[in-house]
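For reference, the structure discussed in these notes is given below.
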Amino acid sequence: MSFGTGKYTYELVDGWAKLPEGRSFLDVGGICIDAQDTFYILNRSEQPIMVFDREGNLYP
């Protein structure tokens with residue numbers, strides 16, 4: 001599934017985020033991506049801010 005047009009086209013990648021066992025997202029409130037393609041995901045889980053690289057690896 002893709003969203004947007006031109007250079008602002010985004011594709012849904014199921015299972016992209018590689019979360020440790022027992023960790024999940026809960027009510028995601030926002031997602032930001034910086035110039036280095038680092039993803040910041042804000043949610044209501046025990047870890048309210050999760051930071052991922054472009055491949056979906058969670059930073060410690």
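The way I read the labels, and the way they are meant: chains A, B, ... in the order of the structure tokens, residue 1 as the first residue of every chain, and ligand 1 as the first ligand shown, with later ones counted on from there.
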
Among chain A, which residues carry a DSSP assignment of strand (DSSP E), reported as a PyMOL selection string?
chain A and resi 2-5+8-11+30-33+39-42+49-52

Shell around region 26-30 of chain A at 8 Å using only C-alpha atoms, local window under 3 positions removed, as a PyMOL selection string
chain A and resi 41-45

Selection file, N, CA and C atoms, as a compact mmCIF listing (two decimals), in the first residue's frame:
```
# COMPACT_ATOMS: atom_id res chain seq x y z
N ILE A 41 9.03 7.57 17.22
CA ILE A 41 7.63 7.19 17.33
C ILE A 41 7.17 7.42 18.75
N LEU A 42 6.15 8.27 18.90
CA LEU A 42 5.59 8.61 20.20
C LEU A 42 4.33 7.79 20.41
N ASN A 43 4.25 7.13 21.56
CA ASN A 43 3.10 6.28 21.84
C ASN A 43 2.86 6.20 23.34
N ARG A 44 1.84 5.49 23.75
CA ARG A 44 1.45 5.42 25.16
C ARG A 44 1.89 4.13 25.85
N SER A 45 2.91 3.48 25.34
CA SER A 45 3.42 2.25 25.97
C SER A 45 4.36 2.60 27.13
```

For Met50 (chain A), please output as a PDB file with N, CA and C atoms, in the first residue's frame all residues within 12 Å (counting only C-alpha atoms; exclusion window: fewer than 3 positions along the same chain).
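Final file, part33.pdb:
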```
ATOM      1  N   ALA A  17       9.084  -2.429  12.024  1.00  0.00           N
ATOM      2  CA  ALA A  17       9.694  -2.174  13.334  1.00  0.00           C
ATOM      3  C   ALA A  17      10.071  -3.495  13.997  1.00  0.00           C
ATOM      4  N   LYS A  18      11.345  -3.629  14.320  1.00  0.00           N
ATOM      5  CA  LYS A  18      11.838  -4.843  14.981  1.00  0.00           C
ATOM      6  C   LYS A  18      11.833  -4.594  16.491  1.00  0.00           C
ATOM      7  N   LEU A  19      10.733  -4.978  17.119  1.00  0.00           N
ATOM      8  CA  LEU A  19      10.572  -4.755  18.554  1.00  0.00           C
ATOM      9  C   LEU A  19      11.003  -5.988  19.339  1.00  0.00           C
ATOM     10  N   PRO A  20      11.626  -5.777  20.505  1.00  0.00           N
ATOM     11  CA  PRO A  20      11.979  -6.910  21.360  1.00  0.00           C
ATOM     12  C   PRO A  20      10.713  -7.640  21.831  1.00  0.00           C
ATOM     13  N   ARG A  23       7.413  -6.197  23.783  1.00  0.00           N
ATOM     14  CA  ARG A  23       7.261  -4.751  23.604  1.00  0.00           C
ATOM     15  C   ARG A  23       6.382  -4.497  22.390  1.00  0.00           C
ATOM     16  N   SER A  24       5.528  -3.478  22.489  1.00  0.00           N
ATOM     17  CA  SER A  24       4.651  -3.140  21.370  1.00  0.00           C
ATOM     18  C   SER A  24       4.322  -1.655  21.413  1.00  0.00           C
ATOM     19  N   PHE A  25       3.706  -1.178  20.336  1.00  0.00           N
ATOM     20  CA  PHE A  25       3.210   0.193  20.301  1.00  0.00           C
ATOM     21  C   PHE A  25       1.829   0.212  20.937  1.00  0.00           C
ATOM     22  N   LEU A  26       1.477   1.341  21.535  1.00  0.00           N
ATOM     23  CA  LEU A  26       0.148   1.502  22.107  1.00  0.00           C
ATOM     24  C   LEU A  26      -0.316   2.924  21.817  1.00  0.00           C
ATOM     25  N   VAL A  28      -0.329   5.146  19.052  1.00  0.00           N
ATOM     26  CA  VAL A  28       0.708   6.023  18.489  1.00  0.00           C
ATOM     27  C   VAL A  28       0.121   7.410  18.274  1.00  0.00           C
ATOM     28  N   GLY A  29       0.799   8.418  18.833  1.00  0.00           N
ATOM     29  CA  GLY A  29       0.348   9.804  18.726  1.00  0.00           C
ATOM     30  C   GLY A  29       1.073  10.601  17.666  1.00  0.00           C
ATOM     31  N   GLY A  30       2.260  10.137  17.264  1.00  0.00           N
ATOM     32  CA  GLY A  30       3.003  10.872  16.252  1.00  0.00           C
ATOM     33  C   GLY A  30       4.250  10.139  15.817  1.00  0.00           C
ATOM     34  N   ILE A  31       4.677  10.459  14.608  1.00  0.00           N
ATOM     35  CA  ILE A  31       5.907   9.904  14.050  1.00  0.00           C
ATOM     36  C   ILE A  31       6.667  11.045  13.397  1.00  0.00           C
ATOM     37  N   CYS A  32       7.958  11.157  13.702  1.00  0.00           N
ATOM     38  CA  CYS A  32       8.826  12.159  13.082  1.00  0.00           C
ATOM     39  C   CYS A  32      10.022  11.447  12.473  1.00  0.00           C
ATOM     40  N   ILE A  33      10.517  11.973  11.362  1.00  0.00           N
ATOM     41  CA  ILE A  33      11.695  11.418  10.696  1.00  0.00           C
ATOM     42  C   ILE A  33      12.671  12.561  10.482  1.00  0.00           C
ATOM     43  N   THR A  38      16.217   8.822  10.771  1.00  0.00           N
ATOM     44  CA  THR A  38      15.948   8.250  12.085  1.00  0.00           C
ATOM     45  C   THR A  38      14.477   8.509  12.386  1.00  0.00           C
ATOM     46  N   PHE A  39      13.760   7.467  12.818  1.00  0.00           N
ATOM     47  CA  PHE A  39      12.330   7.557  13.080  1.00  0.00           C
ATOM     48  C   PHE A  39      12.092   7.676  14.582  1.00  0.00           C
ATOM     49  N   TYR A  40      11.286   8.646  14.981  1.00  0.00           N
ATOM     50  CA  TYR A  40      10.900   8.858  16.372  1.00  0.00           C
ATOM     51  C   TYR A  40       9.404   8.584  16.452  1.00  0.00           C
ATOM     52  N   ILE A  41       9.034   7.568  17.224  1.00  0.00           N
ATOM     53  CA  ILE A  41       7.630   7.185  17.325  1.00  0.00           C
ATOM     54  C   ILE A  41       7.166   7.422  18.755  1.00  0.00           C
ATOM     55  N   LEU A  42       6.150   8.272  18.895  1.00  0.00           N
ATOM     56  CA  LEU A  42       5.594   8.610  20.198  1.00  0.00           C
ATOM     57  C   LEU A  42       4.330   7.794  20.410  1.00  0.00           C
ATOM     58  N   ASN A  43       4.254   7.131  21.564  1.00  0.00           N
ATOM     59  CA  ASN A  43       3.101   6.276  21.835  1.00  0.00           C
ATOM     60  C   ASN A  43       2.864   6.201  23.339  1.00  0.00           C
ATOM     61  N   ARG A  44       1.836   5.485  23.747  1.00  0.00           N
ATOM     62  CA  ARG A  44       1.451   5.416  25.165  1.00  0.00           C
ATOM     63  C   ARG A  44       1.887   4.125  25.852  1.00  0.00           C
ATOM     64  N   SER A  45       2.915   3.477  25.343  1.00  0.00           N
ATOM     65  CA  SER A  45       3.418   2.252  25.972  1.00  0.00           C
ATOM     66  C   SER A  45       4.357   2.604  27.128  1.00  0.00           C
ATOM     67  N   GLU A  46       4.977   1.582  27.732  1.00  0.00           N
ATOM     68  CA  GLU A  46       5.930   1.817  28.824  1.00  0.00           C
ATOM     69  C   GLU A  46       7.143   2.614  28.353  1.00  0.00           C
ATOM     70  N   GLN A  47       7.469   2.535  27.069  1.00  0.00           N
ATOM     71  CA  GLN A  47       8.544   3.337  26.481  1.00  0.00           C
ATOM     72  C   GLN A  47       7.869   4.315  25.512  1.00  0.00           C
ATOM     73  N   ASP A  53      16.187   3.100  13.371  1.00  0.00           N
ATOM     74  CA  ASP A  53      16.919   3.451  12.156  1.00  0.00           C
ATOM     75  C   ASP A  53      16.036   3.139  10.950  1.00  0.00           C
ATOM     76  N   GLY A  56      14.365  -0.257  10.632  1.00  0.00           N
ATOM     77  CA  GLY A  56      13.415  -0.676  11.653  1.00  0.00           C
ATOM     78  C   GLY A  56      14.040  -1.220  12.916  1.00  0.00           C
ATOM     79  N   ASN A  57      15.357  -1.041  13.073  1.00  0.00           N
ATOM     80  CA  ASN A  57      16.042  -1.491  14.287  1.00  0.00           C
ATOM     81  C   ASN A  57      15.865  -0.458  15.390  1.00  0.00           C
ATOM     82  N   LEU A  58      15.444  -0.915  16.557  1.00  0.00           N
ATOM     83  CA  LEU A  58      15.223  -0.046  17.709  1.00  0.00           C
ATOM     84  C   LEU A  58      16.549   0.327  18.349  1.00  0.00           C
ATOM     85  N   TYR A  59      16.758   1.643  18.561  1.00  0.00           N
ATOM     86  CA  TYR A  59      17.948   2.083  19.290  1.00  0.00           C
ATOM     87  C   TYR A  59      17.745   1.795  20.777  1.00  0.00           C
ATOM     88  N   PRO A  60      18.833   1.450  21.486  1.00  0.00           N
ATOM     89  CA  PRO A  60      18.695   1.152  22.926  1.00  0.00           C
ATOM     90  C   PRO A  60      18.309   2.378  23.741  1.00  0.00           C
TER      91      PRO A  60
END
```

One-decimal distance in Å that lies between CA of Ile49 (chain A) and CA of Tyr10 (chain A):
21.9 Å

Counting only C-alpha atoms, which of A:Thr9, A:Asp14, A:Asp34, A:Ser2 gets nearest to Arg54 (chain A)?
A:Asp34

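Omitting Leu12 (chain A) and its sequence neighbours fewer than 3 positions away, and counting only C-alpha atoms, the residues within 10 Å are Met1, Ser2, Phe3, Gly15 and Trp16 of chain A.
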
Selected residues written out with C-alpha atoms, as a PDB file, in the first residue's frame:
```
ATOM      1  CA  MET A   1       0.000   0.000   0.000  1.00  0.00           C
ATOM      2  CA  SER A   2       1.421   3.412  -0.973  1.00  0.00           C
ATOM      3  CA  PHE A   3       0.459   6.929   0.080  1.00  0.00           C
ATOM      4  CA  GLY A  15       6.580  -5.779  10.319  1.00  0.00           C
ATOM      5  CA  TRP A  16       9.107  -2.979   9.653  1.00  0.00           C
TER       6      TRP A  16
END
```

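Between Phe52 (chain A) and the residues A:Asp37, A:Val13, A:Gly4, A:Gly22, the shortest atom-to-atom distance, using only C-alpha atoms, involves A:Asp37.
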